[in-house]
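Undergrad: Just protein_26.txt, nothing more (compact mmCIF, C-alpha atoms and all ligand atoms):
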# COMPACT_ATOMS: atom_id res chain seq x y z
CA MET X 1 -89.81 65.12 -11.46
CA GLN X 2 -93.53 65.86 -11.80
CA ALA X 3 -95.30 68.53 -9.79
CA TRP X 4 -98.69 70.22 -9.74
CA THR X 5 -98.14 73.64 -11.27
CA ALA X 6 -100.39 76.67 -11.77
CA THR X 7 -101.38 77.35 -15.39
CA GLY X 8 -101.94 81.08 -14.73
CA HIS X 9 -105.64 80.66 -15.58
CA GLY X 10 -106.97 79.45 -12.21
CA SER X 11 -106.18 75.77 -12.74
CA LEU X 12 -103.36 73.28 -12.25
CA ARG X 13 -101.53 70.79 -14.41
CA LEU X 14 -98.93 68.11 -13.77
CA ALA X 15 -95.69 69.43 -15.23
CA GLU X 16 -92.09 68.34 -15.41
CA VAL X 17 -90.04 70.63 -13.11
CA ASP X 18 -86.43 70.96 -11.97
CA GLU X 19 -85.63 69.70 -8.49
CA ALA X 20 -84.38 72.27 -5.97
CA GLU X 21 -80.94 71.74 -4.42
CA PRO X 22 -81.35 71.25 -0.64
CA ARG X 23 -79.41 73.52 1.73
CA GLN X 24 -77.43 72.26 4.75
CA ASP X 25 -80.47 72.10 6.99
CA GLU X 26 -82.93 70.76 4.43
CA ALA X 27 -83.99 67.18 3.69
CA VAL X 28 -85.58 65.75 0.55
CA VAL X 29 -88.90 63.98 1.09
CA ALA X 30 -90.54 61.57 -1.38
CA VAL X 31 -94.13 62.74 -1.06
CA GLN X 32 -96.70 60.00 -0.37
CA ALA X 33 -99.70 62.18 0.50
CA PHE X 34 -100.67 65.82 0.64
CA SER X 35 -103.74 67.69 1.83
CA PRO X 36 -105.08 70.84 0.16
CA ASN X 37 -106.13 73.78 2.35
CA ARG X 38 -108.88 76.26 1.54
CA GLY X 39 -106.37 79.10 1.74
CA GLU X 40 -104.34 77.45 -1.00
CA SER X 41 -107.36 77.24 -3.27
CA PHE X 42 -107.83 81.01 -2.81
CA VAL X 43 -104.17 81.58 -3.77
CA LEU X 44 -104.53 79.31 -6.80
CA GLU X 45 -107.42 81.35 -8.16
CA ARG X 46 -104.91 84.15 -8.80
CA ALA X 47 -101.60 82.26 -8.99
CA GLU X 48 -99.10 83.15 -11.68
CA ARG X 49 -98.13 80.53 -14.26
CA GLY X 50 -95.52 78.19 -12.82
CA PHE X 51 -96.43 78.70 -9.15
CA ARG X 52 -96.20 75.42 -7.26
CA PRO X 53 -98.66 74.94 -4.39
CA GLY X 54 -98.42 72.50 -1.49
CA LYS X 55 -98.15 73.24 2.21
CA ASP X 56 -99.09 70.01 4.00
CA ILE X 57 -97.34 66.79 3.02
CA ALA X 58 -96.27 63.41 4.37
CA GLY X 59 -93.70 61.03 2.93
CA VAL X 60 -90.34 59.34 3.32
CA ILE X 61 -86.91 60.92 3.67
CA VAL X 62 -84.81 60.08 0.60
CA LYS X 63 -81.99 62.51 1.32
CA PRO X 64 -81.27 63.65 4.90
CA ALA X 65 -79.96 67.12 5.73
CA ARG X 66 -76.21 67.55 5.12
CA SER X 67 -75.94 69.12 8.59
CA GLY X 68 -76.40 65.62 10.04
CA HIS X 69 -79.43 66.75 12.01
CA GLY X 70 -83.00 65.57 11.59
CA PRO X 71 -84.43 62.21 10.48
CA GLY X 72 -82.51 59.75 8.31
CA VAL X 73 -83.14 57.90 5.05
CA GLY X 74 -86.38 55.89 5.15
CA ASP X 75 -87.94 57.76 8.07
CA ARG X 76 -91.55 58.69 7.45
CA VAL X 77 -92.29 62.34 8.17
CA VAL X 78 -95.03 64.96 8.08
CA ALA X 79 -94.09 68.49 7.02
CA HIS X 80 -95.48 71.98 6.64
CA LEU X 81 -94.10 74.07 3.77
CA ASP X 82 -94.88 77.49 2.37
CA HIS X 83 -95.48 75.96 -1.09
CA SER X 84 -94.19 73.40 -3.64
CA GLY X 85 -95.24 70.28 -1.70
CA TRP X 86 -97.63 68.85 -4.31
CA ALA X 87 -94.86 67.08 -6.14
CA GLU X 88 -93.04 63.77 -6.32
CA ARG X 89 -90.37 65.15 -4.00
CA ALA X 90 -90.14 68.19 -1.74
CA VAL X 91 -87.21 69.99 -0.11
CA VAL X 92 -88.05 70.59 3.56
CA PRO X 93 -86.17 72.50 6.30
CA ILE X 94 -85.67 70.05 9.16
CA ASP X 95 -87.37 72.39 11.62
CA ARG X 96 -90.56 72.08 9.57
CA LEU X 97 -90.95 68.31 9.70
CA ALA X 98 -91.60 65.62 12.31
CA VAL X 99 -91.34 61.83 12.29
CA VAL X 100 -94.73 60.10 11.96
CA PRO X 101 -95.56 57.27 14.39
CA GLU X 102 -96.05 53.89 12.70
CA ALA X 103 -99.73 53.66 13.62
CA ILE X 104 -100.57 56.79 11.62
CA SER X 105 -100.85 56.58 7.84
CA SER X 106 -99.26 59.18 5.60
CA GLU X 107 -102.74 60.21 4.41
CA GLU X 108 -103.79 60.90 8.00
CA ALA X 109 -100.53 62.67 8.81
CA ALA X 110 -100.78 64.97 5.79
CA ALA X 111 -104.07 66.35 7.13
CA LEU X 112 -102.42 67.54 10.35
CA PRO X 113 -100.07 70.50 9.82
CA LEU X 114 -101.94 73.72 9.03
CA ALA X 115 -105.29 72.89 10.62
CA GLY X 116 -103.56 71.24 13.60
CA VAL X 117 -101.16 74.12 14.19
CA THR X 118 -104.03 76.61 13.88
CA ALA X 119 -105.99 74.68 16.52
CA LEU X 120 -102.92 74.45 18.76
CA ARG X 121 -102.33 78.20 18.52
CA LEU X 122 -106.00 78.76 19.24
CA THR X 123 -105.65 76.82 22.50
CA ARG X 124 -102.70 79.09 23.35
CA ALA X 125 -104.76 82.17 22.49
CA THR X 126 -107.61 81.06 24.74
CA GLY X 127 -105.23 80.40 27.65
CA PRO X 128 -105.90 77.59 30.15
CA VAL X 129 -109.35 76.14 29.56
CA ALA X 130 -109.30 73.16 31.92
CA SER X 131 -112.11 74.32 34.17
CA ARG X 132 -114.04 76.26 31.57
CA ARG X 133 -116.99 75.55 29.34
CA LEU X 134 -116.46 76.55 25.74
CA LEU X 135 -118.77 77.01 22.80
CA LEU X 136 -117.09 76.41 19.46
CA THR X 137 -118.76 77.58 16.27
CA GLY X 138 -117.57 76.36 12.89
CA ALA X 139 -116.57 73.23 14.80
CA SER X 140 -117.12 70.73 12.01
CA GLY X 141 -114.08 71.81 9.95
CA GLY X 142 -110.51 70.62 10.30
CA VAL X 143 -109.55 73.25 12.87
CA GLY X 144 -112.62 72.47 14.98
CA HIS X 145 -111.88 68.75 15.09
CA TYR X 146 -108.31 69.32 16.27
CA PHE X 147 -109.36 72.04 18.71
CA VAL X 148 -111.96 69.75 20.27
CA GLU X 149 -109.38 66.98 20.75
CA LEU X 150 -106.82 69.34 22.29
CA ALA X 151 -109.26 71.15 24.57
CA ALA X 152 -111.08 67.96 25.64
CA SER X 153 -107.74 66.42 26.61
CA GLN X 154 -107.32 69.34 29.05
CA GLY X 155 -110.68 68.52 30.63
CA THR X 156 -112.59 71.34 28.97
CA GLN X 157 -116.32 70.97 28.48
CA ILE X 158 -116.98 71.93 24.88
CA THR X 159 -120.29 72.58 23.23
CA VAL X 160 -119.97 72.40 19.47
CA VAL X 161 -122.14 74.13 16.90
CA ALA X 162 -122.71 71.91 13.87
CA ALA X 163 -125.41 71.98 11.24
CA THR X 164 -126.08 68.24 11.04
CA ASP X 165 -125.97 65.15 13.28
CA GLN X 166 -123.48 63.59 10.89
CA ARG X 167 -121.02 66.50 11.28
CA ALA X 168 -121.42 66.46 15.06
CA ARG X 169 -120.91 62.71 15.54
CA ARG X 170 -117.12 62.66 15.23
CA LEU X 171 -116.78 65.78 17.39
CA LEU X 172 -118.69 64.03 20.18
CA GLU X 173 -116.45 60.96 19.79
CA LEU X 174 -113.40 63.21 20.07
CA GLY X 175 -114.55 64.62 23.40
CA ALA X 176 -117.13 67.35 22.81
CA SER X 177 -119.65 67.20 25.60
CA GLU X 178 -122.69 68.42 23.73
CA ARG X 179 -123.78 69.77 20.39
CA ILE X 180 -126.19 72.48 19.43
CA LYS X 181 -127.53 73.18 15.98
CA ARG X 182 -126.74 76.34 14.10
CA ASN X 183 -129.27 79.10 14.72
CA ASP X 184 -130.27 77.77 18.13
CA PRO X 185 -130.36 80.95 20.25
CA GLN X 186 -127.93 80.40 23.15
CA SER X 187 -127.94 83.72 24.91
CA SER X 188 -126.22 82.19 27.96
CA PHE X 189 -122.97 82.06 25.96
CA THR X 190 -120.67 85.06 25.80
CA PRO X 191 -118.21 85.21 22.87
CA THR X 192 -114.65 85.72 23.98
CA MET X 193 -112.80 85.00 20.72
CA THR X 194 -114.08 86.91 17.79
CA ARG X 195 -113.20 89.54 15.25
CA GLN X 196 -115.48 89.39 12.22
CA SER X 197 -117.75 87.09 14.20
CA ARG X 198 -119.77 90.10 15.33
CA THR X 199 -121.50 89.66 12.00
CA THR X 200 -121.37 85.88 11.67
CA TRP X 201 -122.26 85.10 15.29
CA PRO X 202 -125.95 85.85 14.85
CA ARG X 203 -126.06 83.47 11.87
CA SER X 204 -124.46 80.76 14.00
CA CYS X 205 -126.06 81.08 17.37
CA GLY X 206 -128.84 83.62 17.34
CA SER X 207 -128.53 87.10 18.69
CA LEU X 208 -125.19 88.45 19.87
CA PRO X 209 -125.14 89.15 23.60
CA PRO X 210 -124.71 92.88 24.31
CA ASP X 211 -121.69 92.22 26.54
CA ALA X 212 -119.80 90.23 23.88
CA CYS X 213 -116.15 91.23 23.87
CA THR X 214 -113.91 91.22 20.80
CA PRO X 215 -110.22 90.99 21.66
CA ARG X 216 -108.72 91.73 18.24
CA SER X 217 -105.52 89.86 18.95
CA ALA X 218 -107.11 86.47 19.40
CA TRP X 219 -107.39 85.28 15.82
CA SER X 220 -104.31 87.05 14.58
CA GLN X 221 -102.38 85.37 17.38
CA ALA X 222 -103.84 82.02 16.38
CA GLY X 223 -102.66 82.61 12.83
CA ARG X 224 -99.22 84.01 13.55
CA THR X 225 -96.71 82.46 11.21
CA ARG X 226 -93.29 81.22 12.24
CA ARG X 227 -91.79 84.45 10.94
CA GLY X 228 -94.04 86.45 13.23
CA SER X 229 -96.33 88.04 10.66
CA SER X 230 -100.07 87.95 11.13
CA LYS X 231 -102.45 86.64 8.52
CA ARG X 232 -105.66 88.58 8.05
CA TRP X 233 -108.47 86.08 8.03
CA SER X 234 -112.18 86.53 8.10
CA PRO X 235 -112.73 83.62 10.39
CA GLY X 236 -116.44 83.88 11.02
CA ARG X 237 -115.88 81.53 13.91
CA CYS X 238 -115.42 82.08 17.58
CA ALA X 239 -115.05 80.36 20.89
CA ALA X 240 -117.21 81.43 23.78
CA THR X 241 -117.77 80.75 27.43
CA ARG X 242 -121.10 80.13 29.06
CA SER X 243 -121.67 82.91 31.53
N1 LIG K 1 -108.14 74.64 7.85
C1 LIG K 1 -107.02 75.32 8.01
O1 LIG K 1 -105.91 74.79 7.80
C2 LIG K 1 -107.05 76.75 8.49
C3 LIG K 1 -105.84 77.42 8.64
C4 LIG K 1 -105.84 78.73 9.10
C5 LIG K 1 -107.06 79.33 9.39
N2 LIG K 1 -108.20 78.67 9.21
C6 LIG K 1 -109.44 79.36 9.55
O2 LIG K 1 -110.02 78.70 10.66
C7 LIG K 1 -111.44 78.67 10.52
C8 LIG K 1 -111.90 77.23 10.53
O3 LIG K 1 -111.31 76.58 9.42
P1 LIG K 1 -111.83 75.16 8.92
O4 LIG K 1 -111.03 74.79 7.73
O5 LIG K 1 -111.85 74.23 10.08
O6 LIG K 1 -113.32 75.57 8.56
P2 LIG K 1 -114.30 75.15 7.40
O7 LIG K 1 -114.15 73.70 7.10
O8 LIG K 1 -114.21 76.12 6.30
O9 LIG K 1 -115.69 75.42 8.15
C9 LIG K 1 -115.98 74.80 9.38
C10 LIG K 1 -117.46 74.80 9.59
O10 LIG K 1 -117.96 76.14 9.81
C11 LIG K 1 -119.35 76.15 9.53
N3 LIG K 1 -119.60 77.37 8.77
C12 LIG K 1 -119.32 77.60 7.47
N4 LIG K 1 -119.70 78.84 7.12
C13 LIG K 1 -120.22 79.41 8.24
C14 LIG K 1 -120.80 80.68 8.54
N5 LIG K 1 -120.90 81.61 7.61
N6 LIG K 1 -121.22 80.92 9.81
C15 LIG K 1 -121.10 79.99 10.75
N7 LIG K 1 -120.57 78.75 10.54
C16 LIG K 1 -120.14 78.49 9.29
C17 LIG K 1 -119.66 74.86 8.78
O11 LIG K 1 -120.21 73.95 9.74
P3 LIG K 1 -121.77 73.73 10.02
O12 LIG K 1 -122.46 73.98 8.72
O13 LIG K 1 -121.83 72.33 10.51
O14 LIG K 1 -122.11 74.75 11.08
C18 LIG K 1 -118.28 74.32 8.42
O15 LIG K 1 -118.23 72.92 8.35
C19 LIG K 1 -111.75 79.35 9.20
O16 LIG K 1 -112.09 80.69 9.47
C20 LIG K 1 -110.47 79.29 8.42
O17 LIG K 1 -110.33 80.37 7.52
C21 LIG K 1 -108.23 77.39 8.78
Is it possible to give me this structure as structure tokens?

TA:
Amino acid sequence: MQAWTATGHGSLRLAEVDEAEPRQDEAVVAVQAFSPNRGESFVLERAERGFRPGKDIAGVIVKPARSGHGPGVGDRVVAHLDHSGWAERAVVPIDRLAVVPEAISSEEAAALPLAGVTALRLTRATGPVASRRLLLTGASGGVGHYFVELAASQGTQITVVAATDQRARRLLELGASERIKRNDPQSSFTPTMTRQSRTTWPRSCGSLPPDACTPRSAWSQAGRTRRGSSKRWSPGRCAATRS
């Protein structure tokens, strides 16, 4: 089959590759759509020749797991892999895929996994937010859009920081209650989710309040992988509550 493969010189090419043999608890998915993540582009800048990228995919099951568990032939699924998803077919552990509802296209579904899971874990890191007001910087990216949907569905009032009206429009449709522009000083907000944002906060929202707290676990908890290791990001984003 054909798969996008690293050349070893910072680029990709479509190459003919061998298909992996699925284990008991793995299904084979015919890939219909995939979405690239920024983190993958960083990896690809230094990837060795032959590395196969691809974390977020959607497609149709062509070979169900031999264990008898999981979706069957013809079911449309979305999946999150460590790599090797940008290919005609991908081998996926059944605990890393989910059936896609009919109303959602494969292209839409493929955009969900990493950004969606990151946003979901961020809602867990913030704890219950139903009666709180949040300020979300960096809101106009994939994580921000999912976070706004999840938090708004809990009844949270969210102010989003976005550079342009165009970037803010969809966030307001998804449930954000108001939008402020980058660099608008909002000293009545106190950051509660930040690590590197001590340096990026002033660029986003004006001066950093002196009582800003920086619980180090927040972002690493949001990024915890299924195997329990923590990724080290430089998020430059934070959530905050209006004091
Ligand atoms: N996407 C993922 O799957 C994923 C997975 C794990 C972790 N993360 C992390 O989660 C965070 C959000 O990811 P994302 O993909 O949603 O973000 P993104 O698309 O890279 O950026 C979101 C928005 O942040 C604003 N922004 C960019 N640089 C900024 C800066 N220096 N200071 C303040 N605002 C800035 C921009 O909006 P405006 O110009 O409109 O303000 C941009 O549209 C990132 O730190 C990323 O590394 C993302």

Undergrad: Give me, please, the distance in Å between atom CA of Arg169 of chain X and atom CA of His145 of chain X, quoted to one decimal.

TA: 10.9 Å

Undergrad: Which is closer to Val148 of chain X than all the others in X:Gly175, X:Ser131, X:Gln166, X:Ala87, using all atoms listed in the file?

TA: X:Gly175

Undergrad: Mind pulling up the distance from atom CA of Leu122 of chain X to atom P2 of ligand LIG 1 (chain K)?

TA: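 That distance, rounded to one decimal, is 14.9 Å.
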
Undergrad: Which one is closest to ligand LIG 1 (chain K): X:Glu40, X:Leu172, X:Ala125, X:Glu45? Count only C-alpha atoms and all ligand atoms.

TA: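 Closest residue, counting only C-alpha atoms and all ligand atoms: X:Glu40.
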
Undergrad: Measuring between all atoms listed in the file, which one of X:Gln157, X:Ser35, X:Ser105, X:Ser11 shows the shortest distance to ligand LIG 1 (chain K)?

TA: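 Among X:Gln157, X:Ser35, X:Ser105, X:Ser11, it is X:Ser35 that comes nearest to ligand LIG 1 (chain K).
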
Undergrad: For atom CA of Val17 of chain X and atom CA of Val31 of chain X, quote the distance in Å rounded to one decimal.

TA: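 One can read the atom CA of Val17 of chain X to atom CA of Val31 of chain X distance as 15.0 Å.
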
Undergrad: My list of candidates is X:Ala3, X:Ala152, X:Ala110, X:Val28. Which is closest to ligand LIG 1 (chain K) when distances are computed with only C-alpha atoms and all ligand atoms?

TA: X:Ala110

Undergrad: Please provide as an NGL selection string all residues within 12 Å of Lys55 of chain X, with the sequence filter that same-chain residues fewer than 4 positions apart are discarded (counting all atoms listed in the file).

TA: :X and (31 or 33-41 or 43 or 78-87 or 90-92 or 96-97 or 110-115)

Undergrad: What residues have an atom no more than 12 Å from (-78.7, 61.5, 4.6) in the file's own frame, counting all atoms listed in the file, and can you write them as a ChimeraX atom specification?

TA: /X:22,24-29,60-75,94

Undergrad: Pick the closest to Thr164 of chain X from X:Glu149, X:Trp4, X:Lys181, X:Arg89: which is it, counting all atoms listed in the file?

TA: X:Lys181

Undergrad: So, with all atoms listed in the file as the atoms that count, which of X:Thr137, X:Thr7, X:Gln32, X:Gln2 lies closest to ligand LIG 1 (chain K)?

TA: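 Between X:Thr137, X:Thr7, X:Gln32, X:Gln2, the residue approaching ligand LIG 1 (chain K) most closely is X:Thr137.
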
Undergrad: Residues within 8 Å of Arg179 of chain X, please, as a ChimeraX atom specification. Count only C-alpha atoms; anything in the same chain fewer than 6 positions from it doesn't count.

TA: /X:159-162,168,172

Undergrad: Fewer than 4 positions away in the same chain doesn't count, so skip those; otherwise give me all residues within 12 Å of Tyr146 of chain X, counting all atoms listed in the file, as a PyMOL selection string.

TA: chain X and resi 111-123+136+139-142+150-153+170-171+174-176
